[in-house]
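The file final_32.txt comes next; it holds compact mmCIF, N, CA and C atoms and all ligand atoms.
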# COMPACT_ATOMS: atom_id res chain seq x y z
N ALA A 1 -18.93 6.21 5.20
CA ALA A 1 -19.33 5.35 4.07
C ALA A 1 -18.41 4.13 3.99
N ILE A 2 -18.97 3.05 3.45
CA ILE A 2 -18.15 1.86 3.19
C ILE A 2 -17.26 2.18 1.99
N GLU A 3 -15.96 2.02 2.17
CA GLU A 3 -15.01 2.34 1.11
C GLU A 3 -14.13 1.13 0.81
N ARG A 4 -13.44 1.24 -0.35
CA ARG A 4 -12.40 0.27 -0.69
C ARG A 4 -11.10 1.04 -0.88
N THR A 5 -10.01 0.42 -0.46
CA THR A 5 -8.71 1.06 -0.63
C THR A 5 -7.70 0.02 -1.07
N LEU A 6 -6.69 0.46 -1.81
CA LEU A 6 -5.64 -0.47 -2.23
C LEU A 6 -4.49 -0.43 -1.24
N SER A 7 -4.07 -1.61 -0.84
CA SER A 7 -2.96 -1.78 0.09
C SER A 7 -1.89 -2.64 -0.56
N ILE A 8 -0.63 -2.26 -0.36
CA ILE A 8 0.48 -3.11 -0.82
C ILE A 8 1.42 -3.35 0.35
N ILE A 9 1.71 -4.61 0.62
CA ILE A 9 2.78 -4.95 1.56
C ILE A 9 4.05 -5.03 0.71
N LYS A 10 4.99 -4.14 1.00
CA LYS A 10 6.16 -3.92 0.14
C LYS A 10 7.22 -5.02 0.33
N PRO A 11 8.23 -5.06 -0.57
CA PRO A 11 9.22 -6.16 -0.52
C PRO A 11 9.93 -6.31 0.83
N ASP A 12 10.16 -5.21 1.55
CA ASP A 12 10.85 -5.33 2.85
C ASP A 12 10.01 -6.13 3.84
N ALA A 13 8.72 -5.86 3.90
CA ALA A 13 7.85 -6.54 4.87
C ALA A 13 7.57 -7.97 4.45
N VAL A 14 7.45 -8.22 3.13
CA VAL A 14 7.29 -9.60 2.66
C VAL A 14 8.53 -10.41 3.04
N ALA A 15 9.73 -9.81 2.84
CA ALA A 15 10.98 -10.51 3.18
C ALA A 15 11.09 -10.77 4.68
N LYS A 16 10.50 -9.89 5.49
CA LYS A 16 10.53 -10.08 6.96
C LYS A 16 9.53 -11.10 7.46
N ASN A 17 8.71 -11.62 6.54
CA ASN A 17 7.75 -12.67 6.91
C ASN A 17 6.67 -12.16 7.86
N VAL A 18 6.17 -10.94 7.60
CA VAL A 18 5.15 -10.37 8.47
C VAL A 18 3.83 -10.08 7.73
N ILE A 19 3.58 -10.79 6.62
CA ILE A 19 2.30 -10.60 5.92
C ILE A 19 1.13 -10.89 6.87
N GLY A 20 1.22 -11.99 7.58
CA GLY A 20 0.14 -12.38 8.48
C GLY A 20 -0.09 -11.38 9.59
N LYS A 21 1.00 -10.88 10.17
CA LYS A 21 0.87 -9.88 11.25
C LYS A 21 0.19 -8.62 10.73
N ILE A 22 0.53 -8.22 9.50
CA ILE A 22 -0.07 -7.01 8.94
C ILE A 22 -1.54 -7.28 8.58
N TYR A 23 -1.84 -8.45 8.03
CA TYR A 23 -3.24 -8.80 7.75
C TYR A 23 -4.06 -8.78 9.04
N ASP A 24 -3.47 -9.26 10.12
CA ASP A 24 -4.18 -9.28 11.40
C ASP A 24 -4.58 -7.87 11.84
N ARG A 25 -3.70 -6.90 11.60
CA ARG A 25 -4.02 -5.51 11.97
C ARG A 25 -5.21 -5.00 11.15
N PHE A 26 -5.22 -5.33 9.85
CA PHE A 26 -6.36 -4.91 9.03
C PHE A 26 -7.65 -5.50 9.60
N GLU A 27 -7.61 -6.80 9.87
CA GLU A 27 -8.83 -7.49 10.31
C GLU A 27 -9.26 -7.04 11.69
N GLN A 28 -8.30 -6.84 12.59
CA GLN A 28 -8.62 -6.35 13.94
C GLN A 28 -9.28 -4.98 13.90
N ALA A 29 -8.93 -4.18 12.88
CA ALA A 29 -9.50 -2.84 12.74
C ALA A 29 -10.83 -2.86 11.99
N GLY A 30 -11.31 -4.04 11.63
CA GLY A 30 -12.61 -4.13 10.95
C GLY A 30 -12.54 -4.00 9.45
N LEU A 31 -11.31 -4.04 8.89
CA LEU A 31 -11.18 -3.99 7.43
C LEU A 31 -11.19 -5.42 6.89
N LYS A 32 -11.96 -5.63 5.83
CA LYS A 32 -12.07 -6.95 5.20
C LYS A 32 -11.15 -7.00 4.00
N ILE A 33 -10.39 -8.10 3.86
CA ILE A 33 -9.56 -8.30 2.66
C ILE A 33 -10.48 -8.94 1.62
N ILE A 34 -10.85 -8.16 0.59
CA ILE A 34 -11.84 -8.66 -0.38
C ILE A 34 -11.19 -9.08 -1.70
N ALA A 35 -9.88 -8.86 -1.84
CA ALA A 35 -9.12 -9.36 -2.99
C ALA A 35 -7.66 -9.34 -2.59
N SER A 36 -6.87 -10.30 -3.08
CA SER A 36 -5.44 -10.25 -2.78
C SER A 36 -4.66 -11.08 -3.78
N LYS A 37 -3.41 -10.68 -4.01
CA LYS A 37 -2.52 -11.47 -4.85
C LYS A 37 -1.07 -11.09 -4.55
N MET A 38 -0.18 -12.08 -4.68
CA MET A 38 1.24 -11.79 -4.58
C MET A 38 1.75 -11.58 -5.99
N ALA A 39 2.69 -10.63 -6.14
CA ALA A 39 3.24 -10.36 -7.47
C ALA A 39 4.65 -9.82 -7.34
N HIS A 40 5.46 -10.11 -8.35
CA HIS A 40 6.76 -9.46 -8.45
C HIS A 40 6.62 -8.46 -9.58
N LEU A 41 6.51 -7.17 -9.26
CA LEU A 41 6.20 -6.15 -10.26
C LEU A 41 7.35 -5.99 -11.25
N SER A 42 6.99 -5.72 -12.48
CA SER A 42 7.99 -5.35 -13.48
C SER A 42 8.29 -3.86 -13.32
N GLN A 43 9.40 -3.43 -13.90
CA GLN A 43 9.74 -2.01 -13.83
C GLN A 43 8.61 -1.15 -14.42
N SER A 44 8.06 -1.58 -15.54
CA SER A 44 7.04 -0.73 -16.16
C SER A 44 5.75 -0.70 -15.33
N GLU A 45 5.39 -1.81 -14.69
CA GLU A 45 4.23 -1.78 -13.79
C GLU A 45 4.45 -0.83 -12.62
N ALA A 46 5.65 -0.91 -12.01
CA ALA A 46 5.94 -0.04 -10.86
C ALA A 46 5.95 1.42 -11.29
N GLU A 47 6.53 1.71 -12.45
CA GLU A 47 6.56 3.09 -12.95
C GLU A 47 5.16 3.62 -13.22
N GLN A 48 4.32 2.75 -13.80
CA GLN A 48 2.93 3.17 -14.06
C GLN A 48 2.17 3.40 -12.77
N PHE A 49 2.31 2.45 -11.84
CA PHE A 49 1.56 2.56 -10.58
C PHE A 49 1.91 3.84 -9.85
N TYR A 50 3.20 4.20 -9.84
CA TYR A 50 3.65 5.38 -9.11
C TYR A 50 3.85 6.60 -10.02
N SER A 51 3.18 6.61 -11.18
CA SER A 51 3.41 7.68 -12.16
C SER A 51 3.15 9.08 -11.60
N VAL A 52 2.26 9.21 -10.59
CA VAL A 52 2.04 10.55 -9.99
C VAL A 52 3.33 11.11 -9.39
N HIS A 53 4.27 10.23 -9.05
CA HIS A 53 5.52 10.67 -8.42
C HIS A 53 6.67 10.80 -9.41
N LYS A 54 6.40 10.68 -10.73
CA LYS A 54 7.53 10.52 -11.67
C LYS A 54 8.49 11.70 -11.73
N GLU A 55 8.04 12.88 -11.33
CA GLU A 55 8.95 14.04 -11.31
C GLU A 55 9.68 14.21 -9.97
N ARG A 56 9.34 13.37 -9.00
CA ARG A 56 9.93 13.52 -7.66
C ARG A 56 11.34 12.94 -7.64
N PRO A 57 12.22 13.52 -6.82
CA PRO A 57 13.61 13.05 -6.79
C PRO A 57 13.76 11.59 -6.33
N PHE A 58 12.75 11.09 -5.58
CA PHE A 58 12.86 9.73 -5.06
C PHE A 58 12.28 8.67 -5.99
N PHE A 59 11.77 9.10 -7.18
CA PHE A 59 11.05 8.18 -8.05
C PHE A 59 11.86 6.94 -8.45
N LYS A 60 13.11 7.16 -8.87
CA LYS A 60 13.95 6.06 -9.34
C LYS A 60 14.19 5.02 -8.23
N ASP A 61 14.55 5.53 -7.05
CA ASP A 61 14.79 4.64 -5.91
C ASP A 61 13.51 3.90 -5.51
N LEU A 62 12.39 4.62 -5.56
CA LEU A 62 11.11 4.02 -5.21
C LEU A 62 10.80 2.85 -6.14
N VAL A 63 10.95 3.07 -7.45
CA VAL A 63 10.66 2.01 -8.42
C VAL A 63 11.63 0.83 -8.23
N SER A 64 12.92 1.12 -8.07
CA SER A 64 13.84 -0.02 -7.95
C SER A 64 13.60 -0.79 -6.66
N PHE A 65 13.21 -0.09 -5.60
CA PHE A 65 12.86 -0.82 -4.37
C PHE A 65 11.62 -1.69 -4.57
N MET A 66 10.61 -1.15 -5.23
CA MET A 66 9.34 -1.88 -5.37
C MET A 66 9.45 -3.11 -6.26
N ILE A 67 10.52 -3.17 -7.09
CA ILE A 67 10.71 -4.36 -7.94
C ILE A 67 11.82 -5.27 -7.40
N SER A 68 12.28 -4.98 -6.18
CA SER A 68 13.40 -5.74 -5.62
C SER A 68 12.98 -7.11 -5.08
N GLY A 69 11.68 -7.36 -4.98
CA GLY A 69 11.18 -8.63 -4.48
C GLY A 69 9.68 -8.65 -4.60
N PRO A 70 9.06 -9.79 -4.24
CA PRO A 70 7.60 -9.86 -4.35
C PRO A 70 6.89 -8.93 -3.37
N VAL A 71 5.70 -8.52 -3.76
CA VAL A 71 4.83 -7.70 -2.91
C VAL A 71 3.50 -8.43 -2.74
N MET A 72 2.76 -8.08 -1.71
CA MET A 72 1.42 -8.63 -1.49
C MET A 72 0.45 -7.47 -1.67
N ILE A 73 -0.49 -7.65 -2.60
CA ILE A 73 -1.39 -6.56 -2.97
C ILE A 73 -2.82 -6.95 -2.56
N GLN A 74 -3.54 -6.04 -1.87
CA GLN A 74 -4.90 -6.36 -1.46
C GLN A 74 -5.83 -5.16 -1.52
N VAL A 75 -7.11 -5.48 -1.65
CA VAL A 75 -8.16 -4.47 -1.54
C VAL A 75 -8.79 -4.66 -0.17
N LEU A 76 -8.83 -3.56 0.58
CA LEU A 76 -9.44 -3.56 1.91
C LEU A 76 -10.77 -2.84 1.82
N GLN A 77 -11.78 -3.39 2.46
CA GLN A 77 -13.10 -2.76 2.44
C GLN A 77 -13.61 -2.57 3.86
N GLY A 78 -14.23 -1.44 4.11
CA GLY A 78 -14.84 -1.19 5.41
C GLY A 78 -15.24 0.26 5.56
N GLU A 79 -15.84 0.54 6.69
CA GLU A 79 -16.25 1.92 7.00
C GLU A 79 -15.00 2.81 7.03
N GLY A 80 -14.98 3.83 6.22
CA GLY A 80 -13.86 4.77 6.19
C GLY A 80 -12.53 4.08 5.94
N ALA A 81 -12.52 3.09 5.05
CA ALA A 81 -11.34 2.23 4.86
C ALA A 81 -10.07 3.00 4.50
N ILE A 82 -10.22 4.07 3.72
CA ILE A 82 -9.02 4.79 3.25
C ILE A 82 -8.29 5.43 4.43
N ALA A 83 -9.01 6.18 5.25
CA ALA A 83 -8.40 6.84 6.41
C ALA A 83 -7.99 5.81 7.47
N LYS A 84 -8.82 4.79 7.64
CA LYS A 84 -8.52 3.77 8.65
C LYS A 84 -7.20 3.08 8.33
N ASN A 85 -7.01 2.74 7.04
CA ASN A 85 -5.76 2.08 6.64
C ASN A 85 -4.58 3.03 6.84
N ARG A 86 -4.77 4.32 6.54
CA ARG A 86 -3.68 5.28 6.72
C ARG A 86 -3.31 5.43 8.20
N ASP A 87 -4.34 5.39 9.06
CA ASP A 87 -4.06 5.42 10.51
C ASP A 87 -3.28 4.18 10.95
N LEU A 88 -3.67 3.03 10.43
CA LEU A 88 -2.97 1.79 10.79
C LEU A 88 -1.52 1.83 10.33
N MET A 89 -1.27 2.43 9.12
CA MET A 89 0.09 2.45 8.56
C MET A 89 1.01 3.40 9.34
N GLY A 90 0.50 4.57 9.72
CA GLY A 90 1.34 5.60 10.35
C GLY A 90 2.02 6.44 9.28
N ALA A 91 2.83 7.40 9.71
CA ALA A 91 3.47 8.35 8.80
C ALA A 91 4.37 7.63 7.79
N THR A 92 4.49 8.24 6.59
CA THR A 92 5.31 7.68 5.51
C THR A 92 6.73 7.37 5.98
N ASP A 93 7.31 8.31 6.73
CA ASP A 93 8.64 8.11 7.30
C ASP A 93 8.50 7.38 8.63
N PRO A 94 8.97 6.13 8.70
CA PRO A 94 8.79 5.36 9.94
C PRO A 94 9.35 6.04 11.19
N LYS A 95 10.36 6.90 11.01
CA LYS A 95 10.90 7.63 12.18
C LYS A 95 9.86 8.58 12.78
N LYS A 96 8.91 8.99 11.94
CA LYS A 96 7.85 9.91 12.39
C LYS A 96 6.54 9.19 12.69
N ALA A 97 6.51 7.89 12.46
CA ALA A 97 5.26 7.14 12.64
C ALA A 97 4.98 6.90 14.12
N GLU A 98 3.71 7.04 14.49
CA GLU A 98 3.31 6.83 15.87
C GLU A 98 3.53 5.38 16.31
N LYS A 99 3.85 5.22 17.57
CA LYS A 99 4.03 3.90 18.17
C LYS A 99 2.81 3.02 17.90
N GLY A 100 3.06 1.76 17.60
CA GLY A 100 1.94 0.85 17.39
C GLY A 100 1.40 0.83 15.97
N THR A 101 1.92 1.71 15.12
CA THR A 101 1.50 1.67 13.71
C THR A 101 2.36 0.65 12.95
N ILE A 102 1.87 0.24 11.78
CA ILE A 102 2.58 -0.77 10.99
C ILE A 102 3.99 -0.28 10.64
N ARG A 103 4.10 0.98 10.22
CA ARG A 103 5.42 1.46 9.83
C ARG A 103 6.35 1.62 11.02
N ALA A 104 5.84 2.05 12.16
CA ALA A 104 6.69 2.15 13.35
C ALA A 104 7.21 0.76 13.73
N ASP A 105 6.37 -0.25 13.57
CA ASP A 105 6.73 -1.59 14.05
C ASP A 105 7.52 -2.42 13.04
N PHE A 106 7.30 -2.18 11.73
CA PHE A 106 7.90 -3.09 10.74
C PHE A 106 8.79 -2.41 9.71
N ALA A 107 8.81 -1.06 9.65
CA ALA A 107 9.54 -0.40 8.57
C ALA A 107 10.90 0.10 9.02
N ASP A 108 11.82 0.23 8.02
CA ASP A 108 13.20 0.60 8.33
C ASP A 108 13.56 2.00 7.86
N SER A 109 12.93 2.46 6.77
CA SER A 109 13.32 3.74 6.19
C SER A 109 12.15 4.27 5.37
N ILE A 110 12.27 5.52 4.89
CA ILE A 110 11.17 6.09 4.10
C ILE A 110 10.96 5.32 2.80
N ASP A 111 11.98 4.68 2.27
CA ASP A 111 11.80 3.86 1.06
C ASP A 111 11.29 2.47 1.43
N ALA A 112 11.99 1.82 2.34
CA ALA A 112 11.55 0.51 2.80
C ALA A 112 10.58 0.73 3.96
N ASN A 113 9.37 1.20 3.59
CA ASN A 113 8.43 1.57 4.65
C ASN A 113 7.23 0.63 4.77
N ALA A 114 7.45 -0.62 4.41
CA ALA A 114 6.55 -1.76 4.71
C ALA A 114 5.23 -1.80 3.94
N VAL A 115 4.55 -0.68 3.84
CA VAL A 115 3.22 -0.71 3.23
C VAL A 115 2.94 0.54 2.41
N HIS A 116 2.04 0.37 1.45
CA HIS A 116 1.46 1.49 0.72
C HIS A 116 -0.04 1.45 0.94
N GLY A 117 -0.68 2.61 1.00
CA GLY A 117 -2.14 2.66 1.03
C GLY A 117 -2.63 3.87 0.26
N SER A 118 -3.73 3.72 -0.46
CA SER A 118 -4.30 4.83 -1.23
C SER A 118 -4.57 6.02 -0.29
N ASP A 119 -4.42 7.24 -0.86
CA ASP A 119 -4.56 8.42 0.01
C ASP A 119 -5.90 9.15 -0.12
N ALA A 120 -6.73 8.79 -1.08
CA ALA A 120 -8.01 9.49 -1.26
C ALA A 120 -8.94 8.62 -2.11
N PRO A 121 -10.25 8.89 -2.09
CA PRO A 121 -11.19 8.07 -2.86
C PRO A 121 -10.85 7.97 -4.35
N GLU A 122 -10.40 9.08 -4.95
CA GLU A 122 -10.10 9.07 -6.39
C GLU A 122 -8.90 8.16 -6.67
N THR A 123 -7.84 8.29 -5.86
CA THR A 123 -6.66 7.46 -6.09
C THR A 123 -6.97 5.99 -5.74
N ALA A 124 -7.81 5.77 -4.74
CA ALA A 124 -8.18 4.39 -4.39
C ALA A 124 -8.85 3.71 -5.57
N ALA A 125 -9.77 4.39 -6.23
CA ALA A 125 -10.47 3.80 -7.38
C ALA A 125 -9.49 3.46 -8.50
N VAL A 126 -8.57 4.39 -8.78
CA VAL A 126 -7.58 4.18 -9.84
C VAL A 126 -6.64 3.02 -9.47
N GLU A 127 -6.17 3.00 -8.21
CA GLU A 127 -5.21 1.98 -7.79
C GLU A 127 -5.84 0.58 -7.71
N VAL A 128 -7.09 0.49 -7.24
CA VAL A 128 -7.78 -0.80 -7.21
C VAL A 128 -7.94 -1.32 -8.64
N ALA A 129 -8.36 -0.44 -9.54
CA ALA A 129 -8.57 -0.84 -10.94
C ALA A 129 -7.26 -1.25 -11.62
N PHE A 130 -6.15 -0.62 -11.19
CA PHE A 130 -4.85 -0.95 -11.78
C PHE A 130 -4.48 -2.41 -11.51
N PHE A 131 -4.65 -2.86 -10.28
CA PHE A 131 -4.24 -4.23 -9.94
C PHE A 131 -5.36 -5.26 -10.03
N PHE A 132 -6.61 -4.82 -9.92
CA PHE A 132 -7.75 -5.74 -9.98
C PHE A 132 -8.75 -5.19 -10.99
N PRO A 133 -8.39 -5.23 -12.28
CA PRO A 133 -9.19 -4.53 -13.29
C PRO A 133 -10.61 -5.07 -13.45
N GLY A 134 -10.86 -6.29 -13.04
CA GLY A 134 -12.22 -6.82 -13.19
C GLY A 134 -13.19 -6.35 -12.13
N MET A 135 -12.65 -5.70 -11.07
CA MET A 135 -13.50 -5.40 -9.90
C MET A 135 -14.30 -4.14 -10.07
N GLN A 136 -15.54 -4.18 -9.68
CA GLN A 136 -16.34 -2.96 -9.67
C GLN A 136 -16.03 -2.20 -8.39
N VAL A 137 -15.93 -0.89 -8.52
CA VAL A 137 -15.63 -0.06 -7.35
C VAL A 137 -16.75 0.95 -7.19
N PHE A 138 -17.36 0.95 -6.04
CA PHE A 138 -18.42 1.91 -5.76
C PHE A 138 -17.93 2.88 -4.70
N ASN A 139 -17.87 4.15 -5.04
CA ASN A 139 -17.47 5.14 -4.05
C ASN A 139 -18.69 5.90 -3.59
N ARG A 140 -19.37 5.37 -2.59
CA ARG A 140 -20.60 6.01 -2.12
C ARG A 140 -20.27 6.92 -0.96
P1 LIG B 201 4.05 5.20 -0.67
O1 LIG B 201 2.84 5.40 0.19
O2 LIG B 201 4.19 3.86 -1.28
O3 LIG B 201 4.04 6.30 -1.83
C1 LIG B 201 5.23 6.74 -2.45
C2 LIG B 201 6.47 6.26 -1.75
O4 LIG B 201 7.65 6.98 -2.04
C3 LIG B 201 6.30 6.41 -0.25
O5 LIG B 201 5.34 5.47 0.21
C4 LIG B 201 7.74 6.23 0.23
O6 LIG B 201 8.08 4.88 0.43
C5 LIG B 201 8.57 6.75 -0.96
N1 LIG B 201 9.30 7.98 -0.64
C6 LIG B 201 10.63 8.13 -0.62
N2 LIG B 201 10.98 9.38 -0.30
C7 LIG B 201 9.81 10.07 -0.11
C8 LIG B 201 9.52 11.41 0.25
N3 LIG B 201 10.48 12.32 0.48
N4 LIG B 201 8.21 11.76 0.38
C9 LIG B 201 7.22 10.87 0.13
N5 LIG B 201 7.45 9.57 -0.21
C10 LIG B 201 8.73 9.17 -0.32
Could you express the structure from this file as structure tokens?
Ligand code: CMP
Amino acid sequence: AIERTLSIIKPDAVAKNVIGKIYDRFEQAGLKIIASKMAHLSQSEAEQFYSVHKERPFFKDLVSFMISGPVMIQVLQGEGAIAKNRDLMGATDPKKAEKGTIRADFADSIDANAVHGSDAPETAAVEVAFFFPGMQVFNR
């Protein structure tokens, strides 16, 4: 099915000046960027966005990293977009990410791991609506 997923290029990758290289991977894989914006998240936005992780030991570090600089936020659309984006990103921990994935090529650590991508249709709908509240999302 044609899906939409939320993608964030994190502060480490924005600082490395690789937004274009990462966008190229999305486009080469057949994913269309149908919305995008750069933002410097506030602490409360980052805490809300990652609220599913609020009991996890890494929550505080995750939030402070995500507000350490601007991020690039986009909605990707395409056939199986959620899984396709996760394949492009590679494992959460860049040390475990397969060669040729975004995290293997651009990430430094499990916190500074270059990109975020929604992990399932339900979270994709919530995450897209969080950053692009005017957008209609169809999960067919
Ligand atoms: P992300 O896909 O943005 O979702 C939550 C983030 O928490 C994750 O990427 C990592 O950058 C970060 N994180 C830090 N430690 C862990 C951990 N042990 N397990 C999962 N995510 C972690």
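Comparing A:Ala39, A:Ala91, A:Ala125, A:Met135 by their smallest distance to ligand LIG 201 (chain B), the closest is A:Ala91 (using only N, CA and C atoms and all ligand atoms).
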Protein and nucleic acid residues within 6 Å of ligand LIG 201 (chain B) (only C-alpha atoms and all ligand atoms) as a list of chain:residue names:
A:Phe58, A:Leu62, A:Thr92, A:Ile110, A:Asp111, A:Asn113, A:His116, A:Gly117
Using backbone DSSP assignments, extract all strand (DSSP E) residues from region 27-107 of chain A; output them as number ranges by chain.
A: 32-39, 71-79
So which residues touch Asp93 (chain A) within 12 Å, counting only C-alpha atoms, skipping near sequence neighbours fewer than 2 positions away, as a CSV table (one decimal) with N, CA and C atoms, in the frame of the given file?
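What follows is the written file around.csv:
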chain,number,residue,atom,x,y,z
A,89,MET,N,-1.3,2.4,9.1
A,89,MET,CA,0.1,2.4,8.6
A,89,MET,C,1.0,3.4,9.3
A,90,GLY,N,0.5,4.6,9.7
A,90,GLY,CA,1.3,5.6,10.4
A,90,GLY,C,2.0,6.4,9.3
A,91,ALA,N,2.8,7.4,9.7
A,91,ALA,CA,3.5,8.4,8.8
A,91,ALA,C,4.4,7.6,7.8
A,95,LYS,N,10.4,6.9,11.0
A,95,LYS,CA,10.9,7.6,12.2
A,95,LYS,C,9.9,8.6,12.8
A,96,LYS,N,8.9,9.0,11.9
A,96,LYS,CA,7.8,9.9,12.4
A,96,LYS,C,6.5,9.2,12.7
A,97,ALA,N,6.5,7.9,12.5
A,97,ALA,CA,5.3,7.1,12.6
A,97,ALA,C,5.0,6.9,14.1
A,98,GLU,N,3.7,7.0,14.5
A,98,GLU,CA,3.3,6.8,15.9
A,98,GLU,C,3.5,5.4,16.3
A,101,THR,N,1.9,1.7,15.1
A,101,THR,CA,1.5,1.7,13.7
A,101,THR,C,2.4,0.6,13.0
A,102,ILE,N,1.9,0.2,11.8
A,102,ILE,CA,2.6,-0.8,11.0
A,102,ILE,C,4.0,-0.3,10.6
A,103,ARG,N,4.1,1.0,10.2
A,103,ARG,CA,5.4,1.5,9.8
A,103,ARG,C,6.4,1.6,11.0
A,104,ALA,N,5.8,2.0,12.2
A,104,ALA,CA,6.7,2.2,13.4
A,104,ALA,C,7.2,0.8,13.7
A,105,ASP,N,6.4,-0.2,13.6
A,105,ASP,CA,6.7,-1.6,14.0
A,105,ASP,C,7.5,-2.4,13.0
A,106,PHE,N,7.3,-2.2,11.7
A,106,PHE,CA,7.9,-3.1,10.7
A,106,PHE,C,8.8,-2.4,9.7
A,107,ALA,N,8.8,-1.1,9.6
A,107,ALA,CA,9.5,-0.4,8.6
A,107,ALA,C,10.9,0.1,9.0
A,108,ASP,N,11.8,0.2,8.0
A,108,ASP,CA,13.2,0.6,8.3
A,108,ASP,C,13.6,2.0,7.9
A,109,SER,N,12.9,2.5,6.8
A,109,SER,CA,13.3,3.7,6.2
A,109,SER,C,12.2,4.3,5.4
A,110,ILE,N,12.3,5.5,4.9
A,110,ILE,CA,11.2,6.1,4.1
A,110,ILE,C,11.0,5.3,2.8
A,111,ASP,N,12.0,4.7,2.3
A,111,ASP,CA,11.8,3.9,1.1
A,111,ASP,C,11.3,2.5,1.4
A,112,ALA,N,12.0,1.8,2.3
A,112,ALA,CA,11.6,0.5,2.8
A,112,ALA,C,10.6,0.7,4.0
A,113,ASN,N,9.4,1.2,3.6
A,113,ASN,CA,8.4,1.6,4.6
A,113,ASN,C,7.2,0.6,4.8
A,114,ALA,N,7.4,-0.6,4.4
A,114,ALA,CA,6.6,-1.8,4.7
A,114,ALA,C,5.2,-1.8,3.9
A,115,VAL,N,4.6,-0.7,3.8
A,115,VAL,CA,3.2,-0.7,3.2
A,115,VAL,C,2.9,0.5,2.4
A,116,HIS,N,2.0,0.4,1.4
A,116,HIS,CA,1.5,1.5,0.7
A,116,HIS,C,0.0,1.4,0.9
Using only N, CA and C atoms: which of A:His53, A:Ala81, A:Pro11, A:Thr123 has the shortest distance to Ser68 (chain A)
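Checking each of A:His53, A:Ala81, A:Pro11, A:Thr123 against Ser68 (chain A), counting only N, CA and C atoms, the winner is A:Pro11.
Reported to one decimal place, the separation of CA of Ser64 (chain A) from atom C of Gln48 (chain A) is 13.1 Å.
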Counting all atoms listed in the file, the option among A:Gln77, A:Ser42, A:Gln28, A:Ser118 closest to Arg4 (chain A):
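Among the listed residues, A:Gln77 lies closest to Arg4 (chain A).
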Selected residue of minimal separation from Ile19 (chain A) among A:Ala1, A:Ala129, A:Ile82, A:Met72, counting all atoms listed in the file
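So, comparing all the options, the nearest one is A:Met72.
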Since the input lacks some atoms of region 19-30 of chain A, please model N, CA, C and O atoms and print them as an mmCIF file, keeping the file's coordinate frame.
data_model
loop_
_atom_site.group_PDB
_atom_site.id
_atom_site.type_symbol
_atom_site.label_atom_id
_atom_site.label_comp_id
_atom_site.auth_asym_id
_atom_site.auth_seq_id
_atom_site.Cartn_x
_atom_site.Cartn_y
_atom_site.Cartn_z
ATOM 1 N N ILE A 19 3.580 -10.790 6.620
ATOM 2 C CA ILE A 19 2.300 -10.600 5.920
ATOM 3 C C ILE A 19 1.130 -10.890 6.870
ATOM 4 O O ILE A 19 0.184 -10.109 6.963
ATOM 5 N N GLY A 20 1.220 -11.990 7.580
ATOM 6 C CA GLY A 20 0.140 -12.380 8.480
ATOM 7 C C GLY A 20 -0.090 -11.380 9.590
ATOM 8 O O GLY A 20 -1.233 -11.055 9.941
ATOM 9 N N LYS A 21 1.000 -10.880 10.170
ATOM 10 C CA LYS A 21 0.870 -9.880 11.250
ATOM 11 C C LYS A 21 0.190 -8.620 10.730
ATOM 12 O O LYS A 21 -0.589 -7.988 11.442
ATOM 13 N N ILE A 22 0.530 -8.220 9.500
ATOM 14 C CA ILE A 22 -0.070 -7.010 8.940
ATOM 15 C C ILE A 22 -1.540 -7.280 8.580
ATOM 16 O O ILE A 22 -2.406 -6.446 8.886
ATOM 17 N N TYR A 23 -1.840 -8.450 8.030
ATOM 18 C CA TYR A 23 -3.240 -8.800 7.750
ATOM 19 C C TYR A 23 -4.060 -8.780 9.040
ATOM 20 O O TYR A 23 -5.211 -8.353 9.054
ATOM 21 N N ASP A 24 -3.470 -9.260 10.120
ATOM 22 C CA ASP A 24 -4.180 -9.280 11.400
ATOM 23 C C ASP A 24 -4.580 -7.870 11.840
ATOM 24 O O ASP A 24 -5.668 -7.645 12.349
ATOM 25 N N ARG A 25 -3.700 -6.900 11.600
ATOM 26 C CA ARG A 25 -4.020 -5.510 11.970
ATOM 27 C C ARG A 25 -5.210 -5.000 11.150
ATOM 28 O O ARG A 25 -6.071 -4.299 11.684
ATOM 29 N N PHE A 26 -5.220 -5.330 9.850
ATOM 30 C CA PHE A 26 -6.360 -4.910 9.030
ATOM 31 C C PHE A 26 -7.650 -5.500 9.600
ATOM 32 O O PHE A 26 -8.651 -4.805 9.796
ATOM 33 N N GLU A 27 -7.610 -6.800 9.870
ATOM 34 C CA GLU A 27 -8.830 -7.490 10.310
ATOM 35 C C GLU A 27 -9.260 -7.040 11.690
ATOM 36 O O GLU A 27 -10.445 -6.834 11.943
ATOM 37 N N GLN A 28 -8.300 -6.840 12.590
ATOM 38 C CA GLN A 28 -8.620 -6.350 13.940
ATOM 39 C C GLN A 28 -9.280 -4.980 13.900
ATOM 40 O O GLN A 28 -10.052 -4.634 14.779
ATOM 41 N N ALA A 29 -8.930 -4.180 12.880
ATOM 42 C CA ALA A 29 -9.500 -2.840 12.740
ATOM 43 C C ALA A 29 -10.830 -2.860 11.990
ATOM 44 O O ALA A 29 -11.409 -1.805 11.720
ATOM 45 N N GLY A 30 -11.310 -4.040 11.630
ATOM 46 C CA GLY A 30 -12.610 -4.130 10.950
ATOM 47 C C GLY A 30 -12.540 -4.000 9.450
ATOM 48 O O GLY A 30 -13.567 -3.841 8.789
#
